[in-house]
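Just structure.cif here, mmCIF, C-alpha atoms:
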```
data_model
#
loop_
_atom_site.label_atom_id
_atom_site.label_comp_id
_atom_site.auth_asym_id
_atom_site.auth_seq_id
_atom_site.Cartn_x
_atom_site.Cartn_y
_atom_site.Cartn_z
CA MET B 1 -18.82 -54.62 -45.43
CA GLN B 2 -15.54 -52.79 -45.84
CA PRO B 3 -16.23 -49.32 -47.25
CA PHE B 4 -12.81 -49.15 -48.94
CA LEU B 5 -11.58 -52.27 -50.63
CA ILE B 6 -9.24 -53.59 -53.32
CA THR B 7 -10.41 -57.01 -54.45
CA ALA B 8 -9.96 -59.61 -57.15
CA GLU B 9 -13.62 -60.62 -56.77
CA PRO B 10 -16.42 -59.24 -58.97
CA LEU B 11 -17.90 -55.99 -57.64
CA ASP B 12 -21.50 -55.68 -56.48
CA PRO B 13 -22.97 -52.23 -55.79
CA ALA B 14 -25.82 -53.46 -53.57
CA PRO B 15 -23.86 -53.80 -50.28
CA LEU B 16 -22.19 -50.42 -50.85
CA VAL B 17 -25.53 -48.71 -51.44
CA ALA B 18 -26.94 -50.37 -48.33
CA TYR B 19 -23.92 -49.24 -46.31
CA VAL B 20 -24.03 -45.57 -47.32
CA THR B 21 -27.80 -45.20 -47.06
CA THR B 22 -28.84 -43.56 -43.78
CA PRO B 23 -31.94 -41.61 -42.71
CA GLU B 24 -29.98 -38.32 -42.82
CA ASP B 25 -29.20 -38.51 -46.52
CA GLY B 26 -31.70 -38.05 -49.33
CA ALA B 27 -29.30 -38.72 -52.19
CA VAL B 28 -27.20 -41.77 -53.02
CA VAL B 29 -25.05 -41.67 -56.16
CA THR B 30 -23.50 -44.86 -57.51
CA PHE B 31 -20.79 -44.56 -60.12
CA ALA B 32 -19.57 -47.74 -61.83
CA GLY B 33 -16.50 -47.73 -64.03
CA VAL B 34 -16.95 -50.57 -66.49
CA ALA B 35 -14.45 -52.35 -68.74
CA ARG B 36 -15.12 -50.97 -72.20
CA ASN B 37 -14.48 -52.69 -75.54
CA HIS B 38 -12.53 -49.81 -77.09
CA PHE B 39 -10.09 -47.02 -76.24
CA GLY B 40 -9.27 -44.22 -78.67
CA GLY B 41 -11.00 -46.09 -81.48
CA ARG B 42 -8.98 -49.27 -80.93
CA PRO B 43 -10.77 -52.49 -79.93
CA THR B 44 -10.00 -53.87 -76.47
CA ALA B 45 -10.29 -57.57 -75.61
CA SER B 46 -9.89 -57.33 -71.83
CA LEU B 47 -8.35 -55.26 -69.04
CA TYR B 48 -5.97 -56.12 -66.23
CA TYR B 49 -5.67 -54.03 -63.07
CA GLU B 50 -2.83 -54.09 -60.59
CA ALA B 51 -2.63 -52.28 -57.24
CA TYR B 52 0.06 -51.39 -54.73
CA ALA B 53 -2.07 -53.15 -52.20
CA GLU B 54 -0.54 -51.79 -48.97
CA MET B 55 -1.01 -48.22 -50.15
CA ALA B 56 -4.14 -48.27 -52.29
CA VAL B 57 -6.73 -48.57 -49.53
CA PRO B 58 -5.23 -45.76 -47.39
CA VAL B 59 -5.22 -43.56 -50.51
CA LEU B 60 -8.91 -44.32 -51.13
CA VAL B 61 -9.61 -43.30 -47.53
CA GLN B 62 -7.60 -40.10 -48.04
CA ILE B 63 -9.53 -39.25 -51.21
CA ALA B 64 -12.85 -39.76 -49.41
CA ASP B 65 -11.64 -37.44 -46.63
CA GLU B 66 -10.77 -34.83 -49.26
CA ALA B 67 -14.32 -35.06 -50.61
CA ARG B 68 -15.75 -34.72 -47.10
CA SER B 69 -13.74 -31.55 -46.58
CA ARG B 70 -15.21 -30.04 -49.77
CA TRP B 71 -18.86 -31.10 -49.70
CA LYS B 72 -21.43 -31.93 -47.08
CA VAL B 73 -21.67 -35.65 -47.69
CA GLY B 74 -22.56 -38.64 -45.61
CA ARG B 75 -21.09 -42.09 -45.99
CA ILE B 76 -18.73 -42.99 -48.82
CA ALA B 77 -17.72 -46.40 -50.14
CA VAL B 78 -15.17 -47.21 -52.86
CA HIS B 79 -14.34 -50.68 -54.15
CA HIS B 80 -11.73 -51.26 -56.86
CA ARG B 81 -11.21 -54.48 -58.72
CA VAL B 82 -7.80 -55.96 -59.57
CA GLY B 83 -6.82 -58.81 -61.86
CA LYS B 84 -8.30 -59.65 -65.23
CA LEU B 85 -11.60 -58.09 -66.24
CA THR B 86 -13.65 -59.10 -69.23
CA ILE B 87 -15.58 -56.47 -71.18
CA GLY B 88 -18.64 -55.31 -69.27
CA GLU B 89 -17.27 -56.12 -65.82
CA THR B 90 -17.11 -53.38 -63.22
CA ALA B 91 -13.62 -52.08 -62.43
CA VAL B 92 -14.53 -49.52 -59.78
CA LEU B 93 -17.53 -48.50 -57.69
CA VAL B 94 -17.82 -45.08 -56.05
CA VAL B 95 -20.93 -44.73 -53.89
CA VAL B 96 -21.65 -41.46 -52.09
CA ALA B 97 -24.54 -40.42 -49.88
CA ALA B 98 -25.41 -36.80 -49.11
CA PRO B 99 -28.39 -34.82 -47.85
CA HIS B 100 -28.89 -33.43 -51.38
CA ARG B 101 -28.06 -34.67 -54.84
CA HIS B 102 -25.69 -31.93 -55.98
CA GLU B 103 -23.18 -32.71 -53.26
CA ALA B 104 -23.46 -36.44 -53.92
CA PHE B 105 -22.88 -36.07 -57.69
CA GLU B 106 -20.01 -33.63 -57.31
CA ALA B 107 -18.28 -35.63 -54.59
CA ALA B 108 -18.59 -38.85 -56.59
CA GLU B 109 -17.04 -37.22 -59.67
CA TYR B 110 -14.26 -35.69 -57.59
CA ILE B 111 -13.47 -39.04 -55.97
CA MET B 112 -13.29 -40.76 -59.36
CA ASP B 113 -11.01 -38.04 -60.77
CA ARG B 114 -8.71 -38.33 -57.78
CA ILE B 115 -8.58 -42.13 -58.02
CA LYS B 116 -7.35 -41.79 -61.59
CA ALA B 117 -4.81 -39.16 -60.55
CA ILE B 118 -3.23 -40.52 -57.38
CA ALA B 119 -4.44 -44.02 -56.44
CA PRO B 120 -1.63 -46.56 -56.88
CA ILE B 121 -3.68 -48.69 -59.25
CA TRP B 122 -2.68 -49.39 -62.82
CA LYS B 123 -4.61 -50.54 -65.87
CA GLN B 124 -3.22 -52.76 -68.60
CA GLU B 125 -5.04 -52.76 -71.90
CA HIS B 126 -5.17 -56.11 -73.69
CA TRP B 127 -5.94 -55.02 -77.24
CA ALA B 128 -8.04 -57.16 -79.52
CA ASP B 129 -5.05 -57.50 -81.88
CA GLY B 130 -3.07 -59.23 -79.12
CA GLU B 131 -0.88 -56.31 -78.04
CA VAL B 132 -0.60 -55.55 -74.33
CA GLU B 133 0.00 -52.05 -72.97
CA TRP B 134 0.09 -50.42 -69.53
CA ARG B 135 -2.04 -47.27 -69.53
CA ASP B 136 0.46 -45.32 -67.46
CA MET G 1 25.35 -44.88 -47.30
CA ILE G 2 21.86 -46.13 -46.57
CA THR G 3 19.87 -48.96 -48.07
CA VAL G 4 16.35 -48.50 -49.42
CA ARG G 5 13.88 -50.85 -51.05
CA VAL G 6 12.25 -49.76 -54.29
CA ARG G 7 8.96 -51.28 -55.46
CA PHE G 8 8.19 -51.31 -59.19
CA PHE G 9 4.70 -51.60 -60.62
CA ALA G 10 3.08 -51.88 -64.03
CA GLY G 11 5.19 -50.35 -66.81
CA HIS G 12 8.07 -49.66 -64.44
CA ARG G 13 8.29 -53.31 -63.51
CA ASP G 14 8.32 -54.28 -67.17
CA ILE G 15 11.23 -51.91 -67.84
CA VAL G 16 13.24 -52.85 -64.75
CA GLY G 17 12.40 -56.53 -65.00
CA GLN G 18 11.86 -56.92 -61.27
CA ALA G 19 9.09 -56.10 -58.81
CA GLU G 20 11.54 -54.71 -56.27
CA GLN G 21 15.19 -53.89 -55.83
CA THR G 22 17.43 -52.77 -53.00
CA TYR G 23 19.55 -49.68 -53.60
CA GLU G 24 22.41 -48.08 -51.71
CA VAL G 25 22.12 -44.31 -51.77
CA ALA G 26 24.00 -41.48 -50.08
CA ASP G 27 22.90 -40.37 -46.63
CA HIS G 28 20.28 -37.64 -47.04
CA ALA G 29 19.65 -38.57 -50.69
CA THR G 30 16.22 -37.43 -51.87
CA VAL G 31 13.56 -39.42 -53.69
CA ALA G 32 14.07 -37.18 -56.73
CA GLU G 33 17.79 -38.08 -56.75
CA LEU G 34 16.94 -41.77 -56.48
CA TRP G 35 14.58 -41.41 -59.44
CA GLN G 36 17.40 -39.82 -61.50
CA THR G 37 19.66 -42.74 -60.56
CA LEU G 38 16.99 -45.15 -61.81
CA VAL G 39 16.52 -43.21 -65.05
CA THR G 40 20.28 -43.41 -65.65
CA ALA G 41 20.21 -47.16 -65.07
CA TYR G 42 17.00 -47.68 -67.06
CA PRO G 43 16.72 -44.93 -69.70
CA ARG G 44 13.26 -46.09 -70.75
CA LEU G 45 12.00 -44.81 -67.39
CA ALA G 46 12.76 -41.25 -68.55
CA GLY G 47 9.38 -40.97 -70.24
CA TYR G 48 7.72 -41.04 -66.83
CA THR G 49 9.68 -38.08 -65.46
CA GLY G 50 7.34 -35.20 -64.69
CA ARG G 51 4.20 -37.30 -64.33
CA LEU G 52 5.02 -39.35 -61.26
CA LEU G 53 3.98 -39.32 -57.67
CA PHE G 54 6.55 -40.44 -55.14
CA ALA G 55 5.71 -42.49 -52.07
CA VAL G 56 7.87 -43.49 -49.13
CA ASN G 57 6.56 -46.10 -46.74
CA GLN G 58 3.14 -45.97 -48.44
CA THR G 59 2.76 -42.22 -47.96
CA PHE G 60 3.01 -39.54 -50.66
CA VAL G 61 6.09 -37.38 -50.26
CA GLU G 62 7.53 -34.38 -52.04
CA PRO G 63 10.46 -34.83 -54.44
CA SER G 64 12.76 -33.21 -51.93
CA ALA G 65 11.96 -35.75 -49.19
CA GLN G 66 15.10 -37.35 -47.76
CA LEU G 67 15.45 -41.10 -47.65
CA HIS G 68 16.23 -43.11 -44.56
CA GLN G 69 17.59 -46.58 -43.91
CA ASP G 70 15.14 -49.35 -44.94
CA ASP G 71 12.61 -46.96 -46.49
CA GLU G 72 10.23 -48.50 -49.02
CA VAL G 73 10.02 -46.25 -52.09
CA ALA G 74 7.47 -46.43 -54.89
CA PHE G 75 6.92 -44.37 -58.02
CA ILE G 76 3.31 -43.97 -58.98
CA PRO G 77 2.28 -42.92 -62.46
CA PRO G 78 -1.33 -41.80 -62.97
CA VAL G 79 -3.54 -44.81 -63.47
CA SER G 80 -4.66 -43.94 -66.96
CA GLY G 81 -1.95 -41.72 -68.34
CA GLY G 82 -2.78 -38.48 -66.61
CA THR G 83 -5.66 -36.55 -65.26
CA GLU G 84 -7.93 -34.51 -67.47
CA ASP G 85 -9.39 -32.83 -64.45
CA ALA G 86 -8.27 -29.26 -63.84
CA ASN G 87 -9.78 -28.73 -60.38
CA ALA G 88 -8.35 -31.85 -58.78
CA ALA G 89 -4.94 -30.50 -57.85
CA VAL G 90 -2.37 -33.25 -57.83
CA PRO G 91 0.43 -32.64 -55.36
CA TYR G 92 4.01 -33.76 -55.54
CA TYR G 93 4.52 -34.37 -59.22
CA CYS G 94 8.18 -34.91 -59.87
#
```

For the file at hand, write its structure as structure tokens.
Amino acid sequence: MQPFLITAEPLDPAPLVAYVTTPEDGAVVTFAGVARNHFGGRPTASLYYEAYAEMAVPVLVQIADEARSRWKVGRIAVHHRVGKLTIGETAVLVVVAAPHRHEAFEAAEYIMDRIKAIAPIWKQEHWADGEVEWRD
Amino acid sequence: MITVRVRFFAGHRDIVGQAEQTYEVADHATVAELWQTLVTAYPRLAGYTGRLLFAVNQTFVEPSAQLHQDDEVAFIPPVSGGTEDANAAVPYYC
């Protein structure tokens, strides 16, 4: 199991949860970002994600290191999907273990915010009316 | 002059029409100067100015970073049009 991964395959949280879970940590938070059928009141048909592959994984590792420097957390795993996603499919998984839940929740939210801010991954909205638009 | 390779992704690629291009720039040119050159060549890129991260050889750099021969340069807009998060400081916006 690679803790940090960009993949065109469907995402499954189970191996990530198994990876981060250790006897030292009493909290495991799993965040799943899921392809949603609307944005700003406009219906979405599907999403397409693209990554700068050579850079995206090192940036995910960097973001996890940032979280480790801010909270006492254990293992971290982040998988991000690329390619076409239908509504309801998981686009990103952020799984964080920590001794206590507050650190795990806060670190998971921080990691997700940072992914949206600096990870070289882009989302293209395929609107239900047929228009296509990069969300950048 | 030095030669650098520029990678274009997502909306940038749509505007430029290519996934990558090679550019000749002055010795000691900065990534910010290269971006201005691109905006001049492709005015539709101007809307991204001020909400970009710059990367050279897959590492974030500041706008003032100088380019070197054969560098790979990429311009990275936020994945979903900007961060709403105030405490996640984002370095190196250009």

Picked residues, the PyMOL selection byres ((chain B and resi 81-95) around 6), expected as a PyMOL selection string:
chain B and resi 6-8+29-37+46-50+76-80+96

Evaluating the PyMOL selection byres ((chain B) within 8 of (chain G)) on the displayed file yields which residues, as JSON, numbers by chain?
{"B": [50, 52, 54, 55, 110, 113, 114, 115, 116, 117, 118, 119, 120, 121, 122, 123, 124, 134, 135, 136]}

Taking the file as I've supplied it (selection: the PyMOL selection byres ((chain G and resi 24) around 8)), which residues are included? Please answer as a ChimeraX atom specification.
/G:1-4,22-23,25-26

Residues near Leu45 (chain G), cut-off 10 Å, all atoms listed in the file, skip fewer than 4 positions along chain, as a short mmCIF file (atom, residue, chain, number, x, y, z; two decimals) with C-alpha atoms, keeping the file's coordinate frame:
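So result.cif came out as:
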```
data_model
loop_
_atom_site.label_atom_id
_atom_site.label_comp_id
_atom_site.auth_asym_id
_atom_site.auth_seq_id
_atom_site.Cartn_x
_atom_site.Cartn_y
_atom_site.Cartn_z
CA GLY G 11 5.19 -50.35 -66.81
CA HIS G 12 8.07 -49.66 -64.44
CA ILE G 15 11.23 -51.91 -67.84
CA VAL G 16 13.24 -52.85 -64.75
CA TRP G 35 14.58 -41.41 -59.44
CA GLN G 36 17.40 -39.82 -61.50
CA LEU G 38 16.99 -45.15 -61.81
CA VAL G 39 16.52 -43.21 -65.05
CA THR G 40 20.28 -43.41 -65.65
CA ALA G 41 20.21 -47.16 -65.07
CA THR G 49 9.68 -38.08 -65.46
#
```

Draw an axis-aligned box over all listed atoms of region 52-55 of chain G, pad each side with 4 Å, and write its centre and edge lengths in Å, one decimal, as AutoDock Vina command-line options.
```
--center_x 5.3 --center_y -40.9 --center_z -56.7 --size_x 10.6 --size_y 11.2 --size_z 17.2
```

For Pro23 (chain B), find every residue with an atom within 12 Å (counting all atoms listed in the file), except residues of its own chain fewer than 5 positions away, and show them as a PyMOL selection string.
chain B and resi 18+28+74-75+97-99

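In this comparison, which uses all atoms listed in the file, the residue of B:Val57, B:Ala51, B:His38, B:Met112 approaching Pro3 (chain B) most closely is B:Val57.
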
Got a sec: who's within 12 Å of Lys72 (chain B), counting all atoms listed in the file, leaving out chain neighbours fewer than 5 positions off, as a list in words?
Glu24, Asp25, Ala27, Ala64, Asp65, Glu66, Ala67, Val96, Ala97, Ala98, Pro99, His100, Arg101, His102, Glu103, Ala104, Phe105, Glu106 and Ala107 of chain B

Nearest residue to Asp129 (chain B) out of B:Asp12, B:Phe4, B:Pro43, B:Thr21, using only C-alpha atoms?
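Closest to Asp129 (chain B) of all the choices is B:Pro43.
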
Would you work out the distance separating CA of His126 (chain B) from CA of Ala45 (chain B), expressed in Å to one decimal?
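Separating CA of His126 (chain B) from CA of Ala45 (chain B) is a distance of 5.7 Å.
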
Interatomic distance, CA of Leu67 (chain G) to CA of His28 (chain G) (Å, one decimal)
6.0 Å

Take CA of Gly41 (chain B) and CA of Ala128 (chain B) and report the distance between them in Å, one decimal.
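Distance between the two atoms: 11.6 Å.
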